[in-house]
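Structure file work.cif (mmCIF, C-alpha atoms) follows.
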data_entry
#
loop_
_atom_site.group_PDB
_atom_site.id
_atom_site.type_symbol
_atom_site.label_atom_id
_atom_site.label_comp_id
_atom_site.auth_asym_id
_atom_site.auth_seq_id
_atom_site.Cartn_x
_atom_site.Cartn_y
_atom_site.Cartn_z
ATOM 1 C CA MET A 22 -104.599 173.009 79.395
ATOM 2 C CA ARG A 23 -107.659 173.336 81.629
ATOM 3 C CA VAL A 24 -107.510 173.390 85.408
ATOM 4 C CA ILE A 25 -110.169 173.612 88.104
ATOM 5 C CA THR A 26 -109.382 176.460 90.450
ATOM 6 C CA GLN A 27 -111.084 178.689 93.000
ATOM 7 C CA GLN A 28 -110.582 182.337 93.858
ATOM 8 C CA THR A 29 -112.288 182.188 97.245
ATOM 9 C CA LEU A 30 -113.341 179.678 99.898
ATOM 10 C CA GLY A 31 -116.908 178.445 99.805
ATOM 11 C CA GLY A 32 -119.305 175.866 98.424
ATOM 12 C CA PRO A 33 -118.930 173.784 95.277
ATOM 13 C CA GLU A 34 -119.969 176.769 93.172
ATOM 14 C CA VAL A 35 -116.568 178.441 93.775
ATOM 15 C CA LEU A 36 -114.871 175.786 91.615
ATOM 16 C CA THR A 37 -114.260 177.136 88.122
ATOM 17 C CA ILE A 38 -112.501 175.837 85.016
ATOM 18 C CA VAL A 39 -109.847 178.099 83.492
ATOM 19 C CA ASP A 40 -107.025 177.832 80.972
ATOM 20 C CA ALA A 41 -103.504 177.683 82.359
ATOM 21 C CA PRO A 42 -99.991 177.012 81.026
ATOM 22 C CA GLU A 43 -98.844 173.410 81.164
ATOM 23 C CA PRO A 44 -96.356 172.742 83.980
ATOM 24 C CA ARG A 45 -92.774 171.873 83.144
ATOM 25 C CA PRO A 46 -91.320 168.788 84.827
ATOM 26 C CA LEU A 47 -88.305 169.307 87.028
ATOM 27 C CA PRO A 48 -85.465 166.763 87.051
ATOM 28 C CA THR A 49 -86.783 163.388 88.322
ATOM 29 C CA GLU A 50 -90.367 164.485 87.537
ATOM 30 C CA VAL A 51 -92.657 163.353 84.726
ATOM 31 C CA LEU A 52 -95.436 165.140 82.893
ATOM 32 C CA VAL A 53 -98.668 163.151 83.090
ATOM 33 C CA ARG A 54 -101.632 163.592 80.753
ATOM 34 C CA VAL A 55 -104.413 162.960 83.261
ATOM 35 C CA LYS A 56 -107.232 160.557 82.426
ATOM 36 C CA ALA A 57 -109.004 160.452 85.798
ATOM 37 C CA ILE A 58 -108.874 162.241 89.160
ATOM 38 C CA GLY A 59 -109.927 160.727 92.474
ATOM 39 C CA LEU A 60 -111.887 162.959 94.847
ATOM 40 C CA ASN A 61 -111.420 162.896 98.625
ATOM 41 C CA PRO A 62 -113.366 164.435 101.537
ATOM 42 C CA LEU A 63 -110.287 166.450 102.537
ATOM 43 C CA GLU A 64 -110.550 168.408 99.289
ATOM 44 C CA ALA A 65 -114.106 169.493 100.089
ATOM 45 C CA LEU A 66 -112.942 170.685 103.517
ATOM 46 C CA LEU A 67 -110.054 172.626 101.979
ATOM 47 C CA ARG A 68 -112.374 174.146 99.375
ATOM 48 C CA ALA A 69 -114.695 175.390 102.107
ATOM 49 C CA GLY A 70 -111.954 176.541 104.484
ATOM 50 C CA GLU A 71 -112.991 173.994 107.132
ATOM 51 C CA PHE A 72 -109.522 172.453 107.440
ATOM 52 C CA PRO A 73 -106.130 174.021 108.212
ATOM 53 C CA PRO A 74 -104.860 175.452 104.912
ATOM 54 C CA LEU A 75 -102.344 172.806 103.817
ATOM 55 C CA ILE A 76 -101.949 174.482 100.449
ATOM 56 C CA GLY A 77 -102.381 178.101 101.495
ATOM 57 C CA ARG A 78 -105.166 180.502 100.658
ATOM 58 C CA PRO A 79 -106.991 180.761 97.303
ATOM 59 C CA PRO A 80 -106.421 180.876 94.460
ATOM 60 C CA PHE A 81 -105.323 177.242 94.373
ATOM 61 C CA VAL A 82 -105.906 173.997 92.504
ATOM 62 C CA LEU A 83 -107.019 171.041 94.612
ATOM 63 C CA GLY A 84 -106.361 167.359 94.168
ATOM 64 C CA TRP A 85 -103.809 164.567 94.613
ATOM 65 C CA ASP A 86 -105.192 161.300 93.188
ATOM 66 C CA ILE A 87 -104.372 160.874 89.501
ATOM 67 C CA SER A 88 -104.167 158.237 86.800
ATOM 68 C CA GLY A 89 -102.919 158.973 83.332
ATOM 69 C CA VAL A 90 -100.236 158.594 80.682
ATOM 70 C CA VAL A 91 -96.642 159.850 80.862
ATOM 71 C CA GLU A 92 -95.940 162.429 78.163
ATOM 72 C CA GLU A 93 -92.377 163.311 79.029
ATOM 73 C CA GLY A 94 -89.749 163.112 81.741
ATOM 74 C CA SER A 95 -86.540 164.935 82.381
ATOM 75 C CA LEU A 96 -83.819 162.883 84.034
ATOM 76 C CA THR A 97 -85.904 160.063 85.438
ATOM 77 C CA TYR A 98 -85.252 156.450 84.471
ATOM 78 C CA ARG A 99 -88.475 155.139 86.037
ATOM 79 C CA PHE A 100 -90.939 155.825 83.237
ATOM 80 C CA ARG A 101 -91.035 156.468 79.514
ATOM 81 C CA PRO A 102 -93.556 158.371 77.402
ATOM 82 C CA GLY A 103 -96.641 156.248 76.931
ATOM 83 C CA ASP A 104 -96.438 154.499 80.305
ATOM 84 C CA GLU A 105 -99.736 154.389 82.198
ATOM 85 C CA VAL A 106 -99.210 155.520 85.784
ATOM 86 C CA PHE A 107 -101.124 156.446 88.917
ATOM 87 C CA GLY A 108 -100.331 157.875 92.329
ATOM 88 C CA MET A 109 -100.729 160.581 94.968
ATOM 89 C CA PRO A 110 -97.919 163.045 94.244
ATOM 90 C CA LEU A 111 -96.538 165.594 96.691
ATOM 91 C CA PHE A 112 -99.079 165.219 99.504
ATOM 92 C CA PRO A 113 -99.487 167.221 101.733
ATOM 93 C CA ARG A 114 -98.046 169.909 99.453
ATOM 94 C CA ALA A 115 -100.169 171.003 96.515
ATOM 95 C CA ALA A 116 -100.105 168.632 93.558
ATOM 96 C CA SER A 117 -102.686 170.710 91.625
ATOM 97 C CA ALA A 118 -104.217 167.488 90.355
ATOM 98 C CA TYR A 119 -107.590 168.933 89.269
ATOM 99 C CA ALA A 120 -106.005 169.512 85.864
ATOM 100 C CA GLU A 121 -105.565 167.988 82.444
ATOM 101 C CA VAL A 122 -101.792 167.799 82.888
ATOM 102 C CA VAL A 123 -99.802 167.293 86.096
ATOM 103 C CA SER A 124 -96.070 167.343 86.765
ATOM 104 C CA ALA A 125 -95.205 164.831 89.471
ATOM 105 C CA PRO A 126 -92.128 163.237 91.045
ATOM 106 C CA ALA A 127 -91.619 159.899 89.330
ATOM 107 C CA LEU A 128 -90.984 158.329 92.740
ATOM 108 C CA HIS A 129 -94.563 159.172 93.777
ATOM 109 C CA LEU A 130 -96.092 157.190 90.907
ATOM 110 C CA ALA A 131 -96.417 153.540 89.967
ATOM 111 C CA ARG A 132 -97.341 151.735 86.787
ATOM 112 C CA LYS A 133 -101.089 151.292 86.566
ATOM 113 C CA PRO A 134 -102.074 147.627 86.855
ATOM 114 C CA ALA A 135 -103.576 146.407 83.597
ATOM 115 C CA SER A 136 -106.578 145.069 85.493
ATOM 116 C CA LEU A 137 -107.559 148.565 86.656
ATOM 117 C CA SER A 138 -109.156 151.207 84.474
ATOM 118 C CA HIS A 139 -107.876 154.766 84.824
ATOM 119 C CA VAL A 140 -111.033 155.554 86.808
ATOM 120 C CA GLU A 141 -110.368 152.750 89.280
ATOM 121 C CA ALA A 142 -106.664 153.559 89.528
ATOM 122 C CA ALA A 143 -107.372 157.231 90.263
ATOM 123 C CA ALA A 144 -109.655 156.192 93.107
ATOM 124 C CA LEU A 145 -107.020 154.131 94.895
ATOM 125 C CA PRO A 146 -103.934 156.119 96.023
ATOM 126 C CA VAL A 147 -105.106 158.316 98.934
ATOM 127 C CA VAL A 148 -107.435 155.737 100.460
ATOM 128 C CA GLY A 149 -105.132 152.823 99.680
ATOM 129 C CA LEU A 150 -102.022 154.434 101.116
ATOM 130 C CA THR A 151 -103.941 155.579 104.199
ATOM 131 C CA ALA A 152 -105.218 152.061 104.833
ATOM 132 C CA TRP A 153 -101.837 150.460 104.112
ATOM 133 C CA GLN A 154 -99.926 152.809 106.383
ATOM 134 C CA GLY A 155 -102.498 152.350 109.144
ATOM 135 C CA LEU A 156 -102.626 148.563 108.985
ATOM 136 C CA VAL A 157 -99.145 147.582 107.806
ATOM 137 C CA ASP A 158 -96.712 150.347 108.750
ATOM 138 C CA LEU A 159 -98.275 151.629 111.977
ATOM 139 C CA GLY A 160 -100.483 148.708 112.941
ATOM 140 C CA GLY A 161 -98.219 145.791 112.073
ATOM 141 C CA VAL A 162 -101.264 143.597 111.488
ATOM 142 C CA THR A 163 -100.419 139.905 111.209
ATOM 143 C CA GLU A 164 -102.284 136.662 110.645
ATOM 144 C CA GLY A 165 -104.913 135.973 113.282
ATOM 145 C CA ASP A 166 -105.233 139.553 114.539
ATOM 146 C CA ARG A 167 -108.717 140.857 115.212
ATOM 147 C CA VAL A 168 -109.182 144.146 113.337
ATOM 148 C CA LEU A 169 -112.125 146.531 113.667
ATOM 149 C CA VAL A 170 -112.605 148.969 110.768
ATOM 150 C CA HIS A 171 -114.911 151.901 111.498
ATOM 151 C CA GLY A 172 -116.663 153.118 108.350
ATOM 152 C CA GLY A 173 -116.149 149.935 106.374
ATOM 153 C CA GLY A 174 -118.201 151.114 103.405
ATOM 154 C CA GLY A 175 -116.309 154.372 102.841
ATOM 155 C CA GLY A 176 -113.228 155.188 100.805
ATOM 156 C CA VAL A 177 -110.507 154.199 103.268
ATOM 157 C CA GLY A 178 -112.657 151.617 105.015
ATOM 158 C CA HIS A 179 -113.542 149.492 102.014
ATOM 159 C CA VAL A 180 -109.890 149.221 101.010
ATOM 160 C CA ALA A 181 -108.770 148.601 104.604
ATOM 161 C CA ILE A 182 -111.064 145.579 104.916
ATOM 162 C CA GLN A 183 -109.418 143.956 101.905
ATOM 163 C CA ILE A 184 -105.868 144.734 103.020
ATOM 164 C CA ALA A 185 -106.546 143.380 106.510
ATOM 165 C CA LYS A 186 -107.994 140.181 105.026
ATOM 166 C CA ALA A 187 -104.949 139.831 102.781
ATOM 167 C CA LEU A 188 -102.804 140.053 105.935
ATOM 168 C CA GLY A 189 -104.746 137.177 107.445
ATOM 169 C CA ALA A 190 -106.772 139.145 109.993
ATOM 170 C CA HIS A 191 -110.272 138.479 111.273
ATOM 171 C CA VAL A 192 -112.037 141.651 110.152
ATOM 172 C CA ILE A 193 -115.023 143.296 111.790
ATOM 173 C CA ALA A 194 -116.470 146.417 110.178
ATOM 174 C CA THR A 195 -119.051 148.991 111.166
ATOM 175 C CA ALA A 196 -121.405 150.145 108.410
ATOM 176 C CA GLY A 197 -124.998 151.232 107.904
ATOM 177 C CA ALA A 198 -127.604 148.648 106.945
ATOM 178 C CA SER A 199 -127.611 149.829 103.324
ATOM 179 C CA LYS A 200 -123.920 148.944 102.982
ATOM 180 C CA ARG A 201 -124.000 145.544 104.708
ATOM 181 C CA LYS A 202 -123.946 143.430 101.533
ATOM 182 C CA PHE A 203 -121.267 145.637 99.996
ATOM 183 C CA VAL A 204 -119.026 145.311 103.071
ATOM 184 C CA GLU A 205 -119.608 141.566 103.342
ATOM 185 C CA GLY A 206 -118.658 141.264 99.684
ATOM 186 C CA LEU A 207 -115.308 142.855 100.475
ATOM 187 C CA GLY A 208 -114.528 140.000 102.850
ATOM 188 C CA ALA A 209 -115.531 141.337 106.267
ATOM 189 C CA ASP A 210 -116.067 138.448 108.677
ATOM 190 C CA GLU A 211 -118.545 140.434 110.766
ATOM 191 C CA VAL A 212 -120.524 143.595 110.054
ATOM 192 C CA ILE A 213 -122.008 145.782 112.800
ATOM 193 C CA ASP A 214 -124.870 148.096 111.858
ATOM 194 C CA TYR A 215 -123.843 151.151 113.857
ATOM 195 C CA THR A 216 -127.340 152.645 113.485
ATOM 196 C CA ALA A 217 -128.887 149.747 115.402
ATOM 197 C CA VAL A 218 -126.100 148.310 117.564
ATOM 198 C CA ASP A 219 -123.551 149.873 119.934
ATOM 199 C CA PHE A 220 -120.263 148.435 118.715
ATOM 200 C CA THR A 221 -118.847 148.547 122.262
ATOM 201 C CA GLU A 222 -121.435 145.948 123.251
ATOM 202 C CA ALA A 223 -120.934 143.800 120.158
ATOM 203 C CA VAL A 224 -117.169 143.195 120.062
ATOM 204 C CA ARG A 225 -114.257 142.615 122.430
ATOM 205 C CA ASP A 226 -110.589 141.629 122.322
ATOM 206 C CA ILE A 227 -109.703 143.720 119.285
ATOM 207 C CA ASP A 228 -106.011 143.963 118.421
ATOM 208 C CA LEU A 229 -106.297 147.002 116.174
ATOM 209 C CA VAL A 230 -109.010 149.560 115.487
ATOM 210 C CA LEU A 231 -108.741 151.569 112.271
ATOM 211 C CA ASP A 232 -110.886 154.682 112.670
ATOM 212 C CA THR A 233 -112.200 156.646 109.685
ATOM 213 C CA ILE A 234 -115.090 158.299 111.551
ATOM 214 C CA GLY A 235 -113.647 160.411 114.394
ATOM 215 C CA GLY A 236 -115.758 162.046 117.101
ATOM 216 C CA ASP A 237 -116.583 159.965 120.158
ATOM 217 C CA THR A 238 -115.911 156.772 118.180
ATOM 218 C CA VAL A 239 -112.239 157.153 119.051
ATOM 219 C CA GLU A 240 -112.811 157.414 122.785
ATOM 220 C CA ARG A 241 -115.381 154.612 122.841
ATOM 221 C CA SER A 242 -113.060 152.301 120.938
ATOM 222 C CA LEU A 243 -110.892 152.094 124.032
ATOM 223 C CA ASP A 244 -113.503 149.723 125.496
ATOM 224 C CA VAL A 245 -113.146 147.088 122.765
ATOM 225 C CA LEU A 246 -109.355 146.771 122.641
ATOM 226 C CA ARG A 247 -107.491 143.968 124.314
ATOM 227 C CA PRO A 248 -104.467 144.797 126.525
ATOM 228 C CA ASP A 249 -101.739 146.433 124.412
ATOM 229 C CA GLY A 250 -104.326 147.020 121.686
ATOM 230 C CA HIS A 251 -103.780 149.773 119.179
ATOM 231 C CA LEU A 252 -106.081 152.458 117.756
ATOM 232 C CA VAL A 253 -105.025 154.102 114.506
ATOM 233 C CA THR A 254 -107.133 157.038 113.332
ATOM 234 C CA ALA A 255 -107.182 158.652 109.917
ATOM 235 C CA VAL A 256 -109.389 161.558 110.975
ATOM 236 C CA ALA A 257 -109.303 162.360 114.707
ATOM 237 C CA GLU A 258 -107.526 165.500 115.813
ATOM 238 C CA GLU A 259 -104.620 165.454 118.243
ATOM 239 C CA ASP A 260 -106.020 165.214 121.772
ATOM 240 C CA ALA A 261 -103.475 165.012 124.582
ATOM 241 C CA GLN A 262 -106.085 163.856 127.096
ATOM 242 C CA LEU A 263 -107.275 161.083 124.829
ATOM 243 C CA VAL A 264 -103.735 159.917 124.137
ATOM 244 C CA ALA A 265 -103.065 159.923 127.886
ATOM 245 C CA ALA A 266 -106.225 157.874 128.495
ATOM 246 C CA TYR A 267 -105.077 155.239 126.020
ATOM 247 C CA GLU A 268 -101.603 155.103 127.504
ATOM 248 C CA ALA A 269 -102.984 154.860 131.047
ATOM 249 C CA ALA A 270 -105.073 151.876 129.958
ATOM 250 C CA GLY A 271 -102.035 150.173 128.440
ATOM 251 C CA MET A 272 -103.143 150.832 124.864
ATOM 252 C CA ARG A 273 -101.508 152.587 121.921
ATOM 253 C CA PHE A 274 -102.914 155.557 120.002
ATOM 254 C CA SER A 275 -101.632 156.642 116.572
ATOM 255 C CA ARG A 276 -102.673 159.127 113.902
ATOM 256 C CA ILE A 277 -102.012 158.632 110.197
ATOM 257 C CA ALA A 278 -100.441 161.435 108.196
ATOM 258 C CA VAL A 279 -100.523 159.725 104.812
ATOM 259 C CA ASP A 280 -97.563 160.218 102.512
ATOM 260 C CA PRO A 281 -96.813 159.172 98.912
ATOM 261 C CA ASP A 282 -94.711 156.150 99.908
ATOM 262 C CA PRO A 283 -93.570 154.266 96.774
ATOM 263 C CA VAL A 284 -93.073 151.012 98.724
ATOM 264 C CA ALA A 285 -96.672 151.058 99.955
ATOM 265 C CA LEU A 286 -97.905 152.019 96.482
ATOM 266 C CA ARG A 287 -96.145 148.977 95.033
ATOM 267 C CA GLY A 288 -97.710 146.885 97.805
ATOM 268 C CA LEU A 289 -101.146 148.023 96.686
ATOM 269 C CA VAL A 290 -100.279 147.177 93.078
ATOM 270 C CA GLU A 291 -99.216 143.684 94.125
ATOM 271 C CA LEU A 292 -102.520 143.055 95.915
ATOM 272 C CA VAL A 293 -104.453 144.315 92.878
ATOM 273 C CA GLU A 294 -102.481 142.044 90.554
ATOM 274 C CA GLN A 295 -103.120 139.092 92.873
ATOM 275 C CA GLY A 296 -106.850 139.772 92.695
ATOM 276 C CA ARG A 297 -106.995 140.506 96.426
ATOM 277 C CA LEU A 298 -107.830 144.213 96.208
ATOM 278 C CA ARG A 299 -110.362 146.141 94.192
ATOM 279 C CA VAL A 300 -111.519 149.711 94.514
ATOM 280 C CA HIS A 301 -115.165 150.678 94.292
ATOM 281 C CA VAL A 302 -116.218 153.847 92.473
ATOM 282 C CA GLN A 303 -119.707 154.997 93.421
ATOM 283 C CA GLU A 304 -119.990 157.513 90.599
ATOM 284 C CA THR A 305 -117.931 159.243 87.939
ATOM 285 C CA PHE A 306 -118.346 162.818 86.743
ATOM 286 C CA PRO A 307 -116.907 164.567 83.698
ATOM 287 C CA PHE A 308 -114.331 167.280 84.417
ATOM 288 C CA GLU A 309 -116.925 169.971 83.690
ATOM 289 C CA ARG A 310 -119.234 168.715 86.470
ATOM 290 C CA VAL A 311 -116.774 169.048 89.317
ATOM 291 C CA ALA A 312 -119.228 171.210 91.306
ATOM 292 C CA ASP A 313 -121.841 168.430 91.140
ATOM 293 C CA ALA A 314 -119.247 165.926 92.304
ATOM 294 C CA HIS A 315 -118.321 168.155 95.236
ATOM 295 C CA ARG A 316 -121.981 168.505 96.231
ATOM 296 C CA LEU A 317 -122.147 164.732 96.537
ATOM 297 C CA LEU A 318 -118.800 164.738 98.358
ATOM 298 C CA ASP A 319 -120.180 167.288 100.833
ATOM 299 C CA GLY A 320 -123.103 164.994 101.614
ATOM 300 C CA GLY A 321 -120.864 162.233 102.972
ATOM 301 C CA HIS A 322 -121.943 158.598 103.453
ATOM 302 C CA LEU A 323 -120.349 157.560 100.166
ATOM 303 C CA GLN A 324 -119.829 153.973 99.146
ATOM 304 C CA GLY A 325 -116.239 153.880 97.987
ATOM 305 C CA LYS A 326 -115.024 156.835 95.926
ATOM 306 C CA LEU A 327 -116.009 159.560 93.450
ATOM 307 C CA VAL A 328 -113.901 160.187 90.353
ATOM 308 C CA LEU A 329 -113.617 162.916 87.712
ATOM 309 C CA THR A 330 -112.903 161.858 84.145
ATOM 310 C CA VAL A 331 -110.809 164.106 81.921
#
structure tokens encoding of this file:
Amino acid sequence: MRVITQQTLGGPEVLTIVDAPEPRPLPTEVLVRVKAIGLNPLEALLRAGEFPPLIGRPPFVLGWDISGVVEEGSLTYRFRPGDEVFGMPLFPRAASAYAEVVSAPALHLARKPASLSHVEAAALPVVGLTAWQGLVDLGGVTEGDRVLVHGGGGGVGHVAIQIAKALGAHVIATAGASKRKFVEGLGADEVIDYTAVDFTEAVRDIDLVLDTIGGDTVERSLDVLRPDGHLVTAVAEEDAQLVAAYEAAGMRFSRIAVDPDPVALRGLVELVEQGRLRVHVQETFPFERVADAHRLLDGGHLQGKLVLTV
């Protein structure tokens, strides 16, 4: 099989395609013939050495988001050969998903909804699970809550808007002017153009802020929360002073460390099957053009996700 690997840290040009032996599934794992691979900003940071080395030093194979077809399983009862599945196996340990074949714990996968193509399904797990865990598990969002999503046009953000709406929340999103129609189409009740308006002057009485931006956005969000409000960040680093500031103001501060939760994955499937969640893919690239995909990933400001096809 072919895999995309790198021998050193650096730019997209360090990504190379090589032949490698197919993995062998362990008990309770399945072998998946990959059809599509979702790309995430974290992978570009790991490639360049700009993020703590979750998966060690090169050589390594990046990637977690996959959609494909089960070829074989060992002792698992969850899937049979021929089943179409998707998921985010093993995170934060290496899943080596930039490959034509992946061995993954069956528990970390779900059956692909028939309404999603492999490309769409591969785009969903990391961003979907991050949004679900932030809004449902950590945030406890319920009907009538006011939710502010920073970065509503991005990977996590565009899924978070839809999940929050499905939970019955009033959703406000920040996004650039070029993404306004896209974000409104996802169901956002209000859209704030962060390039023209200071969100701290535009909104108040927010129950939960979901942050996908980081930087001073996290600190400034303190001003828009109502008493006992909650900020959940998917990107900000641990900051004891910032946490203390939130606690002193009577607010809550949480960070998401996304994990391949099968319950949340099934929750995403249910929303997809109900027609309440869709995932947007900005562009697809063939396996051989992974470096081009990573150049676009490095540029940021994506609308939804990028996907490799295998």
Within 7 Å of Ala209 in chain A, counting all atoms listed in the file, which residues qualify if same-chain residues fewer than 2 places away don't, as number ranges by chain?
A: 182, 192-194, 204-205, 207, 211-212
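For the set A:Lys202, A:His251, A:Arg54, A:Arg101, the residue with the smallest atom-to-atom gap to Arg273 in chain A is A:His251, counting all atoms listed in the file.
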Exercise for review: Calculate how many Å separate CA of Leu63 in chain A from CA of Glu121 in chain A, rounding to one decimal.
Suggested key: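 Computing it gives 20.7 Å between the two atoms.
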Excluding range 125-142 of chain A and its own-chain neighbours fewer than 3 positions away, which residues fall within 9 Å of it when counting all atoms listed in the file? Please give them as an mmCIF file with C-alpha atoms, in the frame of the given file.
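Printed below is result-v8.cif as written:
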data_model
loop_
_atom_site.group_PDB
_atom_site.id
_atom_site.type_symbol
_atom_site.label_atom_id
_atom_site.label_comp_id
_atom_site.auth_asym_id
_atom_site.auth_seq_id
_atom_site.Cartn_x
_atom_site.Cartn_y
_atom_site.Cartn_z
ATOM 1 C CA PRO A 46 -91.320 168.788 84.827
ATOM 2 C CA LEU A 47 -88.305 169.307 87.028
ATOM 3 C CA PRO A 48 -85.465 166.763 87.051
ATOM 4 C CA THR A 49 -86.783 163.388 88.322
ATOM 5 C CA GLU A 50 -90.367 164.485 87.537
ATOM 6 C CA VAL A 51 -92.657 163.353 84.726
ATOM 7 C CA LEU A 52 -95.436 165.140 82.893
ATOM 8 C CA VAL A 53 -98.668 163.151 83.090
ATOM 9 C CA LYS A 56 -107.232 160.557 82.426
ATOM 10 C CA ALA A 57 -109.004 160.452 85.798
ATOM 11 C CA ILE A 58 -108.874 162.241 89.160
ATOM 12 C CA GLY A 59 -109.927 160.727 92.474
ATOM 13 C CA ASP A 86 -105.192 161.300 93.188
ATOM 14 C CA ILE A 87 -104.372 160.874 89.501
ATOM 15 C CA SER A 88 -104.167 158.237 86.800
ATOM 16 C CA GLY A 89 -102.919 158.973 83.332
ATOM 17 C CA GLY A 94 -89.749 163.112 81.741
ATOM 18 C CA THR A 97 -85.904 160.063 85.438
ATOM 19 C CA TYR A 98 -85.252 156.450 84.471
ATOM 20 C CA ARG A 99 -88.475 155.139 86.037
ATOM 21 C CA PHE A 100 -90.939 155.825 83.237
ATOM 22 C CA ASP A 104 -96.438 154.499 80.305
ATOM 23 C CA GLU A 105 -99.736 154.389 82.198
ATOM 24 C CA VAL A 106 -99.210 155.520 85.784
ATOM 25 C CA PHE A 107 -101.124 156.446 88.917
ATOM 26 C CA GLY A 108 -100.331 157.875 92.329
ATOM 27 C CA MET A 109 -100.729 160.581 94.968
ATOM 28 C CA PRO A 110 -97.919 163.045 94.244
ATOM 29 C CA LEU A 111 -96.538 165.594 96.691
ATOM 30 C CA ALA A 116 -100.105 168.632 93.558
ATOM 31 C CA LEU A 145 -107.020 154.131 94.895
ATOM 32 C CA PRO A 146 -103.934 156.119 96.023
ATOM 33 C CA PRO A 281 -96.813 159.172 98.912
ATOM 34 C CA ASP A 282 -94.711 156.150 99.908
ATOM 35 C CA PRO A 283 -93.570 154.266 96.774
ATOM 36 C CA LEU A 286 -97.905 152.019 96.482
ATOM 37 C CA ARG A 287 -96.145 148.977 95.033
ATOM 38 C CA VAL A 290 -100.279 147.177 93.078
ATOM 39 C CA GLU A 291 -99.216 143.684 94.125
ATOM 40 C CA VAL A 293 -104.453 144.315 92.878
ATOM 41 C CA GLU A 294 -102.481 142.044 90.554
ATOM 42 C CA GLY A 296 -106.850 139.772 92.695
ATOM 43 C CA ARG A 299 -110.362 146.141 94.192
ATOM 44 C CA VAL A 300 -111.519 149.711 94.514
ATOM 45 C CA HIS A 301 -115.165 150.678 94.292
ATOM 46 C CA VAL A 302 -116.218 153.847 92.473
ATOM 47 C CA THR A 305 -117.931 159.243 87.939
ATOM 48 C CA VAL A 328 -113.901 160.187 90.353
ATOM 49 C CA LEU A 329 -113.617 162.916 87.712
ATOM 50 C CA THR A 330 -112.903 161.858 84.145
#
- Item | From A:His322, A:Arg114, A:Lys186, A:Arg241, residue lying nearest Asp219 in chain A [only C-alpha atoms] |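 So, comparing all the options, the nearest one is A:Arg241.
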Given the file shown, determine the residues that the PyMOL selection byres ((chain A and resi 154) around 9) selects; report them as a compact mmCIF listing (two decimals) with C-alpha atoms, keeping the file's coordinate frame.
# COMPACT_ATOMS: atom_id res chain seq x y z
CA GLY A 149 -105.13 152.82 99.68
CA LEU A 150 -102.02 154.43 101.12
CA THR A 151 -103.94 155.58 104.20
CA ALA A 152 -105.22 152.06 104.83
CA TRP A 153 -101.84 150.46 104.11
CA GLY A 155 -102.50 152.35 109.14
CA LEU A 156 -102.63 148.56 108.98
CA VAL A 157 -99.14 147.58 107.81
CA ASP A 158 -96.71 150.35 108.75
CA LEU A 159 -98.28 151.63 111.98
CA GLY A 160 -100.48 148.71 112.94
CA ILE A 277 -102.01 158.63 110.20
CA ALA A 278 -100.44 161.44 108.20
CA VAL A 279 -100.52 159.72 104.81
CA ASP A 280 -97.56 160.22 102.51
CA ASP A 282 -94.71 156.15 99.91
CA ALA A 285 -96.67 151.06 99.96
Selection result for the PyMOL selection byres ((chain A and resi 183) around 7) on this file, as a ChimeraX atom specification: /A:179-182,184-187,207-208,297-298
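With distances restricted to all atoms listed in the file, A:Gly172 is the closest residue to Leu231 in chain A from A:Pro74, A:Gly206, A:Gly325, A:Gly172.
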Item checked: Selection dump of the PyMOL selection byres ((chain A and resi 260) around 12), as number ranges by chain -> A: 235-237, 239-240, 254, 256-259, 261-267, 274-276
Among A:Val253, A:Leu75, A:Val82, A:Val230, Leu36 in chain A is approached most closely, using all atoms listed in the file, by A:Val82
The residue from A:Ala312, A:Met272, A:Ala115, A:Ile76 with the smallest atom-to-atom distance to Pro33 in chain A, counting all atoms listed in the file, is A:Ala312
